[in-house]
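Structure file structure36.cif (mmCIF, C-alpha atoms) is printed below.
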```
data_start
loop_
_atom_site.group_PDB
_atom_site.id
_atom_site.type_symbol
_atom_site.label_atom_id
_atom_site.label_comp_id
_atom_site.auth_asym_id
_atom_site.auth_seq_id
_atom_site.Cartn_x
_atom_site.Cartn_y
_atom_site.Cartn_z
ATOM 1 C CA MET A 131 0.000 0.000 0.000
ATOM 2 C CA ASN A 132 2.790 2.373 0.931
ATOM 3 C CA THR A 133 4.634 1.625 -2.294
ATOM 4 C CA LEU A 134 1.496 2.210 -4.327
ATOM 5 C CA LEU A 135 0.886 5.573 -2.657
ATOM 6 C CA ASP A 136 4.518 6.553 -3.175
ATOM 7 C CA VAL A 137 4.350 5.672 -6.861
ATOM 8 C CA LEU A 138 1.117 7.652 -7.233
ATOM 9 C CA THR A 139 2.745 10.592 -5.465
ATOM 10 C CA GLY A 140 5.741 10.424 -7.761
ATOM 11 C CA VAL A 141 3.541 10.341 -10.846
ATOM 12 C CA CYS A 142 1.527 13.323 -9.605
ATOM 13 C CA LEU A 143 4.676 15.320 -8.839
ATOM 14 C CA VAL A 144 6.383 14.592 -12.149
ATOM 15 C CA VAL A 145 3.280 15.274 -14.257
ATOM 16 C CA GLY A 146 2.643 18.470 -12.285
ATOM 17 C CA ALA A 147 6.211 19.599 -12.923
ATOM 18 C CA MET A 148 5.765 18.759 -16.610
ATOM 19 C CA MET A 149 2.772 21.116 -16.654
ATOM 20 C CA SER A 150 5.090 23.907 -15.502
ATOM 21 C CA LEU A 151 7.600 22.999 -18.201
ATOM 22 C CA ALA A 152 4.828 22.902 -20.810
ATOM 23 C CA ALA A 153 3.744 26.382 -19.776
ATOM 24 C CA ALA A 154 7.305 27.672 -20.037
ATOM 25 C CA ILE A 155 7.738 26.144 -23.496
ATOM 26 C CA GLY A 156 4.396 27.632 -24.505
ATOM 27 C CA LEU A 157 5.456 31.050 -23.244
ATOM 28 C CA LEU A 158 8.646 30.829 -25.274
ATOM 29 C CA ARG A 159 7.223 29.395 -28.480
ATOM 30 C CA PHE A 160 3.714 30.835 -28.877
ATOM 31 C CA PRO A 161 3.499 33.908 -31.088
ATOM 32 C CA ASP A 162 1.054 36.276 -29.381
ATOM 33 C CA LEU A 163 -0.436 37.271 -26.032
ATOM 34 C CA MET A 164 -3.657 35.266 -26.237
ATOM 35 C CA SER A 165 -1.986 31.934 -27.007
ATOM 36 C CA ARG A 166 0.586 32.577 -24.262
ATOM 37 C CA MET A 167 -2.300 33.114 -21.841
ATOM 38 C CA HIS A 168 -3.639 29.725 -22.907
ATOM 39 C CA ALA A 169 -0.318 28.088 -22.070
ATOM 40 C CA ALA A 170 -0.029 29.902 -18.750
ATOM 41 C CA THR A 171 -3.164 28.337 -17.241
ATOM 42 C CA LYS A 172 -1.765 24.782 -17.229
ATOM 43 C CA PRO A 173 0.436 24.907 -14.117
ATOM 44 C CA GLN A 174 -1.926 27.308 -12.373
ATOM 45 C CA VAL A 175 -4.900 24.915 -12.374
ATOM 46 C CA LEU A 176 -4.025 21.339 -13.347
ATOM 47 C CA GLY A 177 -0.438 21.558 -12.117
ATOM 48 C CA LEU A 178 -1.482 22.836 -8.704
ATOM 49 C CA LEU A 179 -4.202 20.169 -8.480
ATOM 50 C CA LEU A 180 -1.666 17.402 -9.125
ATOM 51 C CA MET A 181 0.818 18.872 -6.646
ATOM 52 C CA LEU A 182 -1.833 19.160 -3.917
ATOM 53 C CA ALA A 183 -2.964 15.613 -4.671
ATOM 54 C CA ALA A 184 0.625 14.512 -4.113
ATOM 55 C CA VAL A 185 0.673 16.313 -0.742
ATOM 56 C CA GLY A 186 -2.586 14.643 0.256
ATOM 57 C CA LEU A 187 -1.308 11.213 -0.775
ATOM 58 C CA GLN A 188 1.886 11.598 1.234
ATOM 59 C CA MET A 189 0.144 12.862 4.374
ATOM 60 C CA ARG A 190 -2.255 9.861 4.237
ATOM 61 C CA SER A 191 -5.127 11.658 5.928
ATOM 62 C CA TRP A 192 -8.675 12.293 4.700
ATOM 63 C CA ALA A 193 -9.056 15.162 7.169
ATOM 64 C CA LEU A 194 -6.618 17.115 5.009
ATOM 65 C CA LEU A 195 -8.857 16.978 1.928
ATOM 66 C CA PRO A 196 -10.967 20.096 2.716
ATOM 67 C CA LEU A 197 -7.846 22.197 3.311
ATOM 68 C CA LEU A 198 -6.298 21.126 0.004
ATOM 69 C CA LEU A 199 -9.610 21.665 -1.794
ATOM 70 C CA VAL A 200 -9.897 25.170 -0.356
ATOM 71 C CA ALA A 201 -6.365 26.041 -1.466
ATOM 72 C CA TRP A 202 -7.136 24.754 -4.965
ATOM 73 C CA LEU A 203 -10.573 26.385 -5.201
ATOM 74 C CA PHE A 204 -9.055 29.691 -4.155
ATOM 75 C CA GLN A 205 -6.632 29.443 -7.047
ATOM 76 C CA LEU A 206 -9.490 28.371 -9.326
ATOM 77 C CA LEU A 207 -11.498 31.471 -8.365
ATOM 78 C CA THR A 208 -8.723 34.043 -8.713
ATOM 79 C CA VAL A 209 -6.998 32.816 -11.885
ATOM 80 C CA PRO A 210 -9.945 33.430 -14.271
ATOM 81 C CA VAL A 211 -10.465 36.919 -12.889
ATOM 82 C CA SER A 212 -6.868 37.979 -13.404
ATOM 83 C CA ALA A 213 -6.780 36.236 -16.806
ATOM 84 C CA HIS A 214 -9.912 38.158 -17.787
ATOM 85 C CA MET A 215 -8.335 41.442 -16.741
ATOM 86 C CA VAL A 216 -5.121 40.679 -18.649
ATOM 87 C CA GLY A 217 -7.042 39.568 -21.736
ATOM 88 C CA ARG A 218 -9.244 42.654 -21.627
ATOM 89 C CA ALA A 219 -6.241 44.936 -21.285
ATOM 90 C CA GLY A 220 -4.527 43.047 -24.092
ATOM 91 C CA TYR A 221 -7.503 43.444 -26.416
ATOM 92 C CA ARG A 222 -7.814 47.137 -25.639
ATOM 93 C CA THR A 223 -4.143 47.909 -26.052
ATOM 94 C CA LYS A 224 -3.987 46.253 -29.490
ATOM 95 C CA HIS A 225 -1.955 43.256 -28.391
ATOM 96 C CA ARG A 226 -4.178 40.998 -30.440
ATOM 97 C CA ARG A 227 -3.066 39.996 -33.902
ATOM 98 C CA PRO A 228 -6.197 39.905 -36.063
ATOM 99 C CA GLU A 229 -4.488 38.012 -38.881
ATOM 100 C CA MET A 230 -3.973 35.049 -36.519
ATOM 101 C CA LEU A 231 -7.591 34.846 -35.349
ATOM 102 C CA SER A 232 -10.148 32.747 -37.224
ATOM 103 C CA VAL A 233 -13.120 34.434 -35.506
ATOM 104 C CA ASP A 234 -13.188 37.724 -33.596
ATOM 105 C CA GLU A 235 -16.722 38.041 -32.224
ATOM 106 C CA LEU A 236 -15.823 40.923 -29.928
ATOM 107 C CA ASP A 237 -14.761 43.005 -32.913
ATOM 108 C CA ASP A 238 -18.309 42.880 -34.362
ATOM 109 C CA VAL A 239 -19.786 43.898 -30.993
ATOM 110 C CA VAL A 240 -17.351 46.801 -30.610
ATOM 111 C CA ALA A 241 -18.059 47.943 -34.180
ATOM 112 C CA ALA A 242 -21.841 47.805 -33.561
ATOM 113 C CA VAL A 243 -21.494 49.828 -30.352
ATOM 114 C CA VAL A 244 -19.315 52.431 -32.058
ATOM 115 C CA GLU A 245 -21.851 52.777 -34.911
ATOM 116 C CA GLY A 246 -24.716 53.076 -32.450
ATOM 117 C CA GLU A 247 -22.991 55.791 -30.468
ATOM 118 C CA SER A 248 -21.619 57.907 -33.284
ATOM 119 C CA PRO A 249 -24.872 59.806 -34.150
ATOM 120 C CA ASP A 250 -25.198 61.050 -30.555
ATOM 121 C CA SER A 251 -21.656 62.193 -30.034
ATOM 122 C CA MET B 271 11.626 9.028 -4.149
ATOM 123 C CA ASN B 272 15.056 10.584 -4.648
ATOM 124 C CA ILE B 273 14.784 10.114 -8.394
ATOM 125 C CA VAL B 274 11.415 11.870 -8.329
ATOM 126 C CA VAL B 275 12.992 14.811 -6.485
ATOM 127 C CA MET B 276 15.740 15.072 -9.081
ATOM 128 C CA VAL B 277 13.320 14.890 -12.007
ATOM 129 C CA VAL B 278 10.941 17.440 -10.497
ATOM 130 C CA ALA B 279 13.807 19.794 -9.632
ATOM 131 C CA VAL B 280 15.183 19.655 -13.170
ATOM 132 C CA LEU B 281 11.748 20.154 -14.755
ATOM 133 C CA LEU B 282 10.872 23.083 -12.500
ATOM 134 C CA SER B 283 14.274 24.705 -12.988
ATOM 135 C CA LEU B 284 13.972 24.509 -16.770
ATOM 136 C CA ALA B 285 10.439 25.911 -16.558
ATOM 137 C CA ALA B 286 11.600 28.764 -14.326
ATOM 138 C CA LEU B 287 14.460 29.537 -16.726
ATOM 139 C CA GLY B 288 12.028 29.718 -19.642
ATOM 140 C CA THR B 289 9.644 32.036 -17.813
ATOM 141 C CA ILE B 290 12.474 34.284 -16.613
ATOM 142 C CA TYR B 291 13.700 34.536 -20.200
ATOM 143 C CA ARG B 292 10.200 35.572 -21.265
ATOM 144 C CA ILE B 293 10.021 38.151 -18.441
ATOM 145 C CA ALA B 294 13.365 39.599 -19.501
ATOM 146 C CA LYS B 295 12.616 39.623 -23.222
ATOM 147 C CA GLY B 296 9.048 40.888 -23.186
ATOM 148 C CA PRO B 297 8.066 41.988 -25.800
ATOM 149 C CA SER B 298 5.176 43.761 -24.055
ATOM 150 C CA LEU B 299 4.142 44.472 -20.476
ATOM 151 C CA LEU B 300 1.276 41.972 -20.502
ATOM 152 C CA ASP B 301 3.557 39.166 -21.703
ATOM 153 C CA ARG B 302 5.728 39.863 -18.680
ATOM 154 C CA VAL B 303 2.704 39.819 -16.388
ATOM 155 C CA ILE B 304 1.651 36.396 -17.669
ATOM 156 C CA ALA B 305 5.194 35.065 -17.383
ATOM 157 C CA ALA B 306 5.427 36.366 -13.800
ATOM 158 C CA ASP B 307 2.151 34.583 -13.021
ATOM 159 C CA VAL B 308 3.578 31.348 -14.373
ATOM 160 C CA LEU B 309 6.732 31.876 -12.329
ATOM 161 C CA LEU B 310 4.576 32.189 -9.195
ATOM 162 C CA ALA B 311 2.787 28.963 -10.158
ATOM 163 C CA ILE B 312 6.180 27.270 -10.473
ATOM 164 C CA PHE B 313 7.151 28.535 -7.007
ATOM 165 C CA GLY B 314 3.877 27.111 -5.711
ATOM 166 C CA ALA B 315 4.653 23.781 -7.330
ATOM 167 C CA ALA B 316 8.082 23.762 -5.690
ATOM 168 C CA LEU B 317 6.554 24.514 -2.279
ATOM 169 C CA ALA B 318 3.977 21.735 -2.706
ATOM 170 C CA THR B 319 6.692 19.308 -3.784
ATOM 171 C CA GLU B 320 8.695 20.099 -0.667
ATOM 172 C CA MET B 321 5.597 19.543 1.480
ATOM 173 C CA ALA B 322 4.881 16.192 -0.159
ATOM 174 C CA LEU B 323 8.465 14.981 0.226
ATOM 175 C CA ASN B 324 8.975 16.007 3.856
ATOM 176 C CA GLN B 325 5.375 15.209 4.827
ATOM 177 C CA HIS B 326 4.443 18.446 6.536
ATOM 178 C CA LEU B 327 1.937 21.253 5.899
ATOM 179 C CA GLY B 328 4.021 24.296 6.792
ATOM 180 C CA ASN B 329 3.942 25.747 3.300
ATOM 181 C CA MET B 330 0.176 25.694 2.877
ATOM 182 C CA ALA B 331 -0.253 29.300 4.024
ATOM 183 C CA LEU B 332 2.561 30.334 1.689
ATOM 184 C CA LEU B 333 0.763 28.654 -1.223
ATOM 185 C CA VAL B 334 -2.418 30.635 -0.561
ATOM 186 C CA VAL B 335 -0.419 33.846 -0.143
ATOM 187 C CA LEU B 336 1.274 33.193 -3.490
ATOM 188 C CA THR B 337 -2.165 32.905 -5.083
ATOM 189 C CA VAL B 338 -3.208 36.238 -3.606
ATOM 190 C CA ILE B 339 0.005 37.929 -4.727
ATOM 191 C CA GLY B 340 -0.414 36.641 -8.264
ATOM 192 C CA PHE B 341 -4.030 37.793 -8.369
ATOM 193 C CA VAL B 342 -3.464 41.288 -6.982
ATOM 194 C CA GLY B 343 -0.313 41.798 -9.018
ATOM 195 C CA SER B 344 -1.673 40.857 -12.419
ATOM 196 C CA VAL B 345 -4.999 42.630 -11.910
ATOM 197 C CA THR B 346 -3.247 45.820 -10.837
ATOM 198 C CA VAL B 347 -0.789 45.820 -13.727
ATOM 199 C CA ALA B 348 -3.482 44.920 -16.260
ATOM 200 C CA ARG B 349 -5.597 47.778 -14.969
ATOM 201 C CA PHE B 350 -2.860 50.291 -15.770
ATOM 202 C CA ALA B 351 -1.660 48.800 -19.068
ATOM 203 C CA VAL B 352 -1.894 51.486 -21.730
ATOM 204 C CA HIS B 353 -1.412 51.455 -25.458
ATOM 205 C CA ARG B 354 1.992 52.678 -26.556
ATOM 206 C CA LYS B 355 2.951 53.403 -30.111
ATOM 207 C CA GLU B 356 6.072 51.234 -30.161
ATOM 208 C CA ASP B 357 4.008 48.143 -29.282
ATOM 209 C CA GLY B 358 2.374 48.381 -32.685
#
```
Could you write out this file's structure as structure tokens?
Amino acid sequence: MNTLLDVLTGVCLVVGAMMSLAAAIGLLRFPDLMSRMHAATKPQVLGLLLMLAAVGLQMRSWALLPLLLVAWLFQLLTVPVSAHMVGRAGYRTKHRRPEMLSVDELDDVVAAVVEGESPDS
Amino acid sequence: MNIVVMVVAVLLSLAALGTIYRIAKGPSLLDRVIAADVLLAIFGAALATEMALNQHLGNMALLVVLTVIGFVGSVTVARFAVHRKEDG
């Protein structure tokens, strides 16, 4: 049983570390801000989940589960908010590269709003 | 378990090197913000690894604090990101 838990822990740790490496490679190789944001979420959510699972497996205690879940849920709640803010700032400051997008639905909305407002102002 | 430590240490070090290179190189402020966020996530992973290996929970508060720092930092910087001509 101990060996099995240790092996599971090792797998969780190594895969979690690989998530971090994948994010770093994505940051280095991806061409624009939006795709780099996509790469950045891997260690923040799945990587942290695997690492906390490894902690739980090594401590061998069910009473620890709520604490680990709270730590993970906290990350899960804050990461989308900050990613939204960064993405919004990126869109507004022309960090997007329209030639690399297949669909830009926000562009249509912005254009419609600008057309609607122009007669008044 | 020692092999796991070595592998994880190498993987995390390479990941940290990559993110630090992205922070240094840019090209824009928001790229650096994202890379700094990833660097914080890597620190968190290192803290969790240390907890799992030495079987204690001392770093749990640090993990949560890292989350808060990443959140406040990136939201604040994103709020004040402005369009500059040289960014294109």
Kindly provide, as number ranges by chain, the residues of chain B having any atom no farther than 7 Å from an atom of chain A, counting only C-alpha atoms.
B: 274, 277-278, 281-282, 284-285, 288-289, 292, 300-301, 304, 308, 311-312, 315, 318-319, 321-322, 325, 334, 337, 341, 344-345, 348-349, 351-353
What does the distance between atom CA of Asp237 of chain A and atom CA of Ala305 of chain B come to in Å, to one decimal place?
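Separation between atom CA of Asp237 of chain A and atom CA of Ala305 of chain B: 26.5 Å.
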Expressed in Å to a single decimal, how great is the separation between atom CA of Val347 of chain B and atom CA of Arg302 of chain B?
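It comes out at 10.1 Å.
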Between atom CA of Gly296 of chain B and atom CA of Arg227 of chain A, what distance in Å does the model show, to one decimal?
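Taking atom CA of Gly296 of chain B and atom CA of Arg227 of chain A, their separation equals 16.2 Å.
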Would you give the centre and edge lengths, in Å to one decimal, of a box along x, y and z around the listed atoms of segment 328-331 of chain B, with 4 Å added to each side, as AutoDock Vina command-line options?
```
--center_x 1.9 --center_y 26.8 --center_z 4.8 --size_x 12.3 --size_y 13.0 --size_z 11.9
```
